[in-house]
Amino acid sequence: MLINEAYQPINCDDYDNLELACQNHWMLSLEMKDGEQLKAKAKEIFSRKNVEYLAIDLSGEHRELRLDHIASFTHPELGTVVVSAE
């Protein structure tokens with residue numbers, strides 16, 4: 001996915017679940033739309049230049065994931081959430 005492609009906001013329920021994960025610093029299993037799979041701690045959601053990101057801690061490495069590049073995420077409290085556009 002191109003970094004400068006137009007941002008597509010995600011569904012509000014999916015956003016709320018990611019916010020809950022950040023508030024509780026949950027470990028999430030994430031699958032990106034490009035097929036990359038990550039297991040990381042949710043830290044915060046933020047916006048930069050009208051694009052929303054999830055900040056994660058990936059084994060001590062700070063990464064920022066565009067919300068519209070996340071295909072799905074999983075946590076025992078949430079089950080598996082397939083991310084959809086708004």
# chains A, B, ... in the order shown; residues from 1 in each chain; ligands from 1
call {"tool": "select_by_dssp", "arguments": {"residues": "chain A", "states": "strand (DSSP E)", "output": "PyMOL selection string"}}
result
chain A and resi 27-32+37-48+51-58+61-66+70-75+79-82
call {"tool": "closest_residue", "arguments": {"among": "A:Val83, A:Cys22, A:Ala6, A:Gln37", "to": "Ile70 of chain A", "atoms": "only C-alpha atoms"}}
result
A:Val83
call {"tool": "select_by_dssp", "arguments": {"residues": "chain A", "states": "alpha helix (DSSP H)", "output": "list in words"}}
result
Cys12, Asp13, Asp14, Tyr15, Asp16, Asn17, Leu18, Glu19, Leu20, Ala21, Cys22 and Gln23 of chain A
call {"tool": "residues_around", "arguments": {"residues": "Val82 of chain A", "least_positions_apart": "3", "cutoff": "10 Å", "atoms": "only C-alpha atoms", "output": "PyMOL selection string"}}
result
chain A and resi 14+31+70-74+79
call {"tool": "closest_residue", "arguments": {"among": "A:His25, A:Asn50, A:Glu77, A:Ile56", "to": "Glu5 of chain A", "atoms": "only C-alpha atoms"}}
result
A:Asn50
call {"tool": "closest_residue", "arguments": {"among": "A:Glu64, A:Met32, A:Ala85, A:Trp26", "to": "Tyr7 of chain A", "atoms": "only C-alpha atoms"}}
result
A:Ala85
call {"tool": "closest_residue", "arguments": {"among": "A:Glu36, A:Glu44, A:Asp13, A:Glu86", "to": "His62 of chain A", "atoms": "only C-alpha atoms"}}
result
A:Glu44
call {"tool": "residues_around", "arguments": {"residues": "Ser47 of chain A", "least_positions_apart": "5", "cutoff": "12 Å", "atoms": "only C-alpha atoms", "output": "JSON, numbers by chain"}}
result
{"A": [7, 9, 52, 53, 54, 55, 64, 65, 66, 67]}
call {"tool": "write_last_selection", "arguments": {"atoms": "all heavy atoms", "output": "short mmCIF file (atom, residue, chain, number, x, y, z; two decimals), in the first residue's frame"}}
result
data_model
loop_
_atom_site.label_atom_id
_atom_site.label_comp_id
_atom_site.auth_asym_id
_atom_site.auth_seq_id
_atom_site.Cartn_x
_atom_site.Cartn_y
_atom_site.Cartn_z
N TYR A 7 -6.66 8.33 2.71
CA TYR A 7 -7.05 7.62 3.93
C TYR A 7 -8.54 7.31 3.90
O TYR A 7 -9.35 8.18 3.57
CB TYR A 7 -6.71 8.45 5.17
CG TYR A 7 -7.14 7.79 6.45
CD1 TYR A 7 -6.46 6.68 6.93
CD2 TYR A 7 -8.23 8.25 7.17
CE1 TYR A 7 -6.85 6.04 8.10
CE2 TYR A 7 -8.63 7.63 8.35
CZ TYR A 7 -7.93 6.52 8.80
OH TYR A 7 -8.33 5.89 9.95
N PRO A 9 -11.41 6.25 6.46
CA PRO A 9 -11.73 6.02 7.87
C PRO A 9 -12.33 4.65 8.10
O PRO A 9 -13.05 4.13 7.25
CB PRO A 9 -12.75 7.11 8.19
CG PRO A 9 -12.53 8.16 7.15
CD PRO A 9 -12.08 7.42 5.91
N GLU A 52 -5.40 8.53 10.55
CA GLU A 52 -5.39 7.97 11.91
C GLU A 52 -4.44 6.78 11.98
O GLU A 52 -4.38 5.98 11.05
CB GLU A 52 -6.80 7.55 12.31
CG GLU A 52 -7.74 8.74 12.40
CD GLU A 52 -9.17 8.34 12.55
OE1 GLU A 52 -9.67 7.51 11.76
OE2 GLU A 52 -9.83 8.88 13.47
N TYR A 53 -3.72 6.71 13.10
CA TYR A 53 -2.70 5.69 13.31
C TYR A 53 -2.90 5.00 14.65
O TYR A 53 -3.39 5.61 15.61
CB TYR A 53 -1.29 6.30 13.33
CG TYR A 53 -0.86 6.90 12.02
CD1 TYR A 53 -1.16 8.21 11.71
CD2 TYR A 53 -0.13 6.15 11.10
CE1 TYR A 53 -0.74 8.78 10.51
CE2 TYR A 53 0.29 6.71 9.90
CZ TYR A 53 -0.02 8.03 9.61
OH TYR A 53 0.39 8.57 8.42
N LEU A 54 -2.48 3.75 14.73
CA LEU A 54 -2.38 3.01 15.97
C LEU A 54 -0.90 2.90 16.31
O LEU A 54 -0.13 2.36 15.50
CB LEU A 54 -2.99 1.61 15.81
CG LEU A 54 -2.79 0.65 16.99
CD1 LEU A 54 -3.52 1.15 18.23
CD2 LEU A 54 -3.26 -0.75 16.60
N ALA A 55 -0.51 3.43 17.45
CA ALA A 55 0.87 3.27 17.92
C ALA A 55 0.93 1.96 18.70
O ALA A 55 0.08 1.70 19.56
CB ALA A 55 1.27 4.44 18.82
N GLU A 64 4.03 2.68 14.08
CA GLU A 64 2.77 3.37 13.84
C GLU A 64 2.10 2.72 12.64
O GLU A 64 2.69 2.65 11.56
CB GLU A 64 3.01 4.85 13.60
CG GLU A 64 3.63 5.54 14.80
CD GLU A 64 4.08 6.95 14.53
OE1 GLU A 64 4.00 7.43 13.37
OE2 GLU A 64 4.53 7.60 15.49
N LEU A 65 0.87 2.24 12.83
CA LEU A 65 0.13 1.56 11.78
C LEU A 65 -1.07 2.40 11.36
O LEU A 65 -1.86 2.80 12.22
CB LEU A 65 -0.38 0.20 12.28
CG LEU A 65 0.63 -0.72 12.95
CD1 LEU A 65 -0.08 -1.95 13.51
CD2 LEU A 65 1.73 -1.12 11.97
N ARG A 66 -1.19 2.66 10.08
CA ARG A 66 -2.39 3.34 9.59
C ARG A 66 -3.58 2.44 9.86
O ARG A 66 -3.55 1.24 9.58
CB ARG A 66 -2.29 3.60 8.09
CG ARG A 66 -1.60 4.88 7.76
CD ARG A 66 -1.52 5.12 6.28
NE ARG A 66 -2.81 5.10 5.58
CZ ARG A 66 -3.07 5.78 4.48
NH1 ARG A 66 -2.14 6.54 3.94
NH2 ARG A 66 -4.25 5.70 3.90
N LEU A 67 -4.65 3.01 10.42
CA LEU A 67 -5.82 2.21 10.75
C LEU A 67 -6.42 1.54 9.52
O LEU A 67 -6.89 0.40 9.59
CB LEU A 67 -6.88 3.05 11.47
CG LEU A 67 -6.49 3.66 12.82
CD1 LEU A 67 -7.72 4.26 13.48
CD2 LEU A 67 -5.81 2.67 13.72
#
call {"tool": "closest_residue", "arguments": {"among": "A:Leu28, A:Cys12, A:Leu18, A:Val51", "to": "Ser84 of chain A", "atoms": "only C-alpha atoms"}}
result
A:Cys12
call {"tool": "atom_distance", "arguments": {"atom1": "atom CA of Asp57 of chain A", "atom2": "atom CA of Gly35 of chain A"}}
result
19.0 Å
call {"tool": "closest_residue", "arguments": {"among": "A:Ala40, A:Asp34, A:Thr80, A:Asn24", "to": "Asp68 of chain A", "atoms": "only C-alpha atoms"}}
result
A:Asp34
call {"tool": "decode", "arguments": {"residues": "chain A", "atoms": "C-alpha atoms", "output": "PDB file, in the first residue's frame"}}
result
ATOM      1  CA  MET A   1       0.000   0.000   0.000  1.00  0.00           C
ATOM      2  CA  LEU A   2       1.245   3.426  -0.817  1.00  0.00           C
ATOM      3  CA  ILE A   3       1.897   5.698   2.133  1.00  0.00           C
ATOM      4  CA  ASN A   4       0.328   8.701   0.346  1.00  0.00           C
ATOM      5  CA  GLU A   5      -2.886   6.974  -0.767  1.00  0.00           C
ATOM      6  CA  ALA A   6      -6.145   8.585   0.371  1.00  0.00           C
ATOM      7  CA  TYR A   7      -7.048   7.616   3.929  1.00  0.00           C
ATOM      8  CA  GLN A   8     -10.291   5.643   4.336  1.00  0.00           C
ATOM      9  CA  PRO A   9     -11.728   6.023   7.873  1.00  0.00           C
ATOM     10  CA  ILE A  10     -12.565   2.748   9.577  1.00  0.00           C
ATOM     11  CA  ASN A  11     -15.917   1.747  11.063  1.00  0.00           C
ATOM     12  CA  CYS A  12     -16.666   3.489  14.387  1.00  0.00           C
ATOM     13  CA  ASP A  13     -17.140   0.203  16.280  1.00  0.00           C
ATOM     14  CA  ASP A  14     -13.734  -1.027  15.089  1.00  0.00           C
ATOM     15  CA  TYR A  15     -12.183   2.295  16.140  1.00  0.00           C
ATOM     16  CA  ASP A  16     -13.830   2.029  19.573  1.00  0.00           C
ATOM     17  CA  ASN A  17     -12.434  -1.492  20.021  1.00  0.00           C
ATOM     18  CA  LEU A  18      -8.936  -0.249  19.192  1.00  0.00           C
ATOM     19  CA  GLU A  19      -9.365   2.610  21.687  1.00  0.00           C
ATOM     20  CA  LEU A  20     -10.380   0.088  24.367  1.00  0.00           C
ATOM     21  CA  ALA A  21      -7.300  -1.985  23.545  1.00  0.00           C
ATOM     22  CA  CYS A  22      -5.112   1.113  23.943  1.00  0.00           C
ATOM     23  CA  GLN A  23      -6.704   2.105  27.258  1.00  0.00           C
ATOM     24  CA  ASN A  24      -5.957  -1.374  28.619  1.00  0.00           C
ATOM     25  CA  HIS A  25      -2.582  -1.781  26.848  1.00  0.00           C
ATOM     26  CA  TRP A  26      -3.775  -5.105  25.463  1.00  0.00           C
ATOM     27  CA  MET A  27      -1.594  -7.375  23.386  1.00  0.00           C
ATOM     28  CA  LEU A  28      -3.231  -7.698  19.980  1.00  0.00           C
ATOM     29  CA  SER A  29      -2.670 -10.109  17.155  1.00  0.00           C
ATOM     30  CA  LEU A  30      -2.845  -7.888  14.094  1.00  0.00           C
ATOM     31  CA  GLU A  31      -3.087  -8.814  10.447  1.00  0.00           C
ATOM     32  CA  MET A  32      -2.270  -6.086   7.976  1.00  0.00           C
ATOM     33  CA  LYS A  33      -3.859  -5.845   4.534  1.00  0.00           C
ATOM     34  CA  ASP A  34      -0.457  -6.597   2.956  1.00  0.00           C
ATOM     35  CA  GLY A  35      -0.410  -9.940   4.826  1.00  0.00           C
ATOM     36  CA  GLU A  36       2.056  -8.940   7.581  1.00  0.00           C
ATOM     37  CA  GLN A  37       1.142 -10.441  10.959  1.00  0.00           C
ATOM     38  CA  LEU A  38       2.129  -8.800  14.242  1.00  0.00           C
ATOM     39  CA  LYS A  39       1.654  -9.469  17.938  1.00  0.00           C
ATOM     40  CA  ALA A  40       2.023  -6.137  19.714  1.00  0.00           C
ATOM     41  CA  LYS A  41       0.833  -4.032  22.646  1.00  0.00           C
ATOM     42  CA  ALA A  42      -1.671  -1.310  21.736  1.00  0.00           C
ATOM     43  CA  LYS A  43      -0.444   2.076  22.992  1.00  0.00           C
ATOM     44  CA  GLU A  44      -2.520   4.924  21.513  1.00  0.00           C
ATOM     45  CA  ILE A  45      -4.526   6.143  18.552  1.00  0.00           C
ATOM     46  CA  PHE A  46      -3.613   9.495  17.075  1.00  0.00           C
ATOM     47  CA  SER A  47      -4.145  11.557  13.961  1.00  0.00           C
ATOM     48  CA  ARG A  48      -1.535  13.193  11.766  1.00  0.00           C
ATOM     49  CA  LYS A  49      -2.456  15.140   8.612  1.00  0.00           C
ATOM     50  CA  ASN A  50      -5.993  13.686   8.599  1.00  0.00           C
ATOM     51  CA  VAL A  51      -4.733  10.088   8.797  1.00  0.00           C
ATOM     52  CA  GLU A  52      -5.388   7.973  11.906  1.00  0.00           C
ATOM     53  CA  TYR A  53      -2.702   5.686  13.309  1.00  0.00           C
ATOM     54  CA  LEU A  54      -2.380   3.011  15.975  1.00  0.00           C
ATOM     55  CA  ALA A  55       0.866   3.269  17.924  1.00  0.00           C
ATOM     56  CA  ILE A  56       2.087  -0.142  19.027  1.00  0.00           C
ATOM     57  CA  ASP A  57       4.952  -1.602  21.033  1.00  0.00           C
ATOM     58  CA  LEU A  58       6.375  -4.501  19.057  1.00  0.00           C
ATOM     59  CA  SER A  59       8.884  -6.184  21.393  1.00  0.00           C
ATOM     60  CA  GLY A  60      10.247  -2.796  22.477  1.00  0.00           C
ATOM     61  CA  GLU A  61      10.086  -1.257  18.983  1.00  0.00           C
ATOM     62  CA  HIS A  62       7.689   1.671  18.484  1.00  0.00           C
ATOM     63  CA  ARG A  63       5.634   1.392  15.281  1.00  0.00           C
ATOM     64  CA  GLU A  64       2.766   3.367  13.844  1.00  0.00           C
ATOM     65  CA  LEU A  65       0.131   1.559  11.779  1.00  0.00           C
ATOM     66  CA  ARG A  66      -2.391   3.338   9.594  1.00  0.00           C
ATOM     67  CA  LEU A  67      -5.821   2.206  10.750  1.00  0.00           C
ATOM     68  CA  ASP A  68      -7.003   1.645   7.186  1.00  0.00           C
ATOM     69  CA  HIS A  69      -4.072  -0.735   6.589  1.00  0.00           C
ATOM     70  CA  ILE A  70      -5.212  -3.091   9.375  1.00  0.00           C
ATOM     71  CA  ALA A  71      -7.225  -6.043   8.023  1.00  0.00           C
ATOM     72  CA  SER A  72      -8.108  -7.550  11.420  1.00  0.00           C
ATOM     73  CA  PHE A  73      -7.091  -7.733  15.070  1.00  0.00           C
ATOM     74  CA  THR A  74      -7.697 -10.277  17.793  1.00  0.00           C
ATOM     75  CA  HIS A  75      -7.833 -10.205  21.591  1.00  0.00           C
ATOM     76  CA  PRO A  76      -9.633 -12.599  24.004  1.00  0.00           C
ATOM     77  CA  GLU A  77     -11.890  -9.773  25.270  1.00  0.00           C
ATOM     78  CA  LEU A  78     -12.872  -8.716  21.738  1.00  0.00           C
ATOM     79  CA  GLY A  79     -12.618 -11.867  19.655  1.00  0.00           C
ATOM     80  CA  THR A  80     -11.489 -11.337  16.083  1.00  0.00           C
ATOM     81  CA  VAL A  81     -12.456  -7.996  14.603  1.00  0.00           C
ATOM     82  CA  VAL A  82     -12.346  -7.662  10.829  1.00  0.00           C
ATOM     83  CA  VAL A  83     -11.744  -3.977  10.135  1.00  0.00           C
ATOM     84  CA  SER A  84     -14.110  -2.388   7.656  1.00  0.00           C
ATOM     85  CA  ALA A  85     -14.371   1.064   6.113  1.00  0.00           C
ATOM     86  CA  GLU A  86     -16.798   3.588   7.536  1.00  0.00           C
TER      87      GLU A  86
END
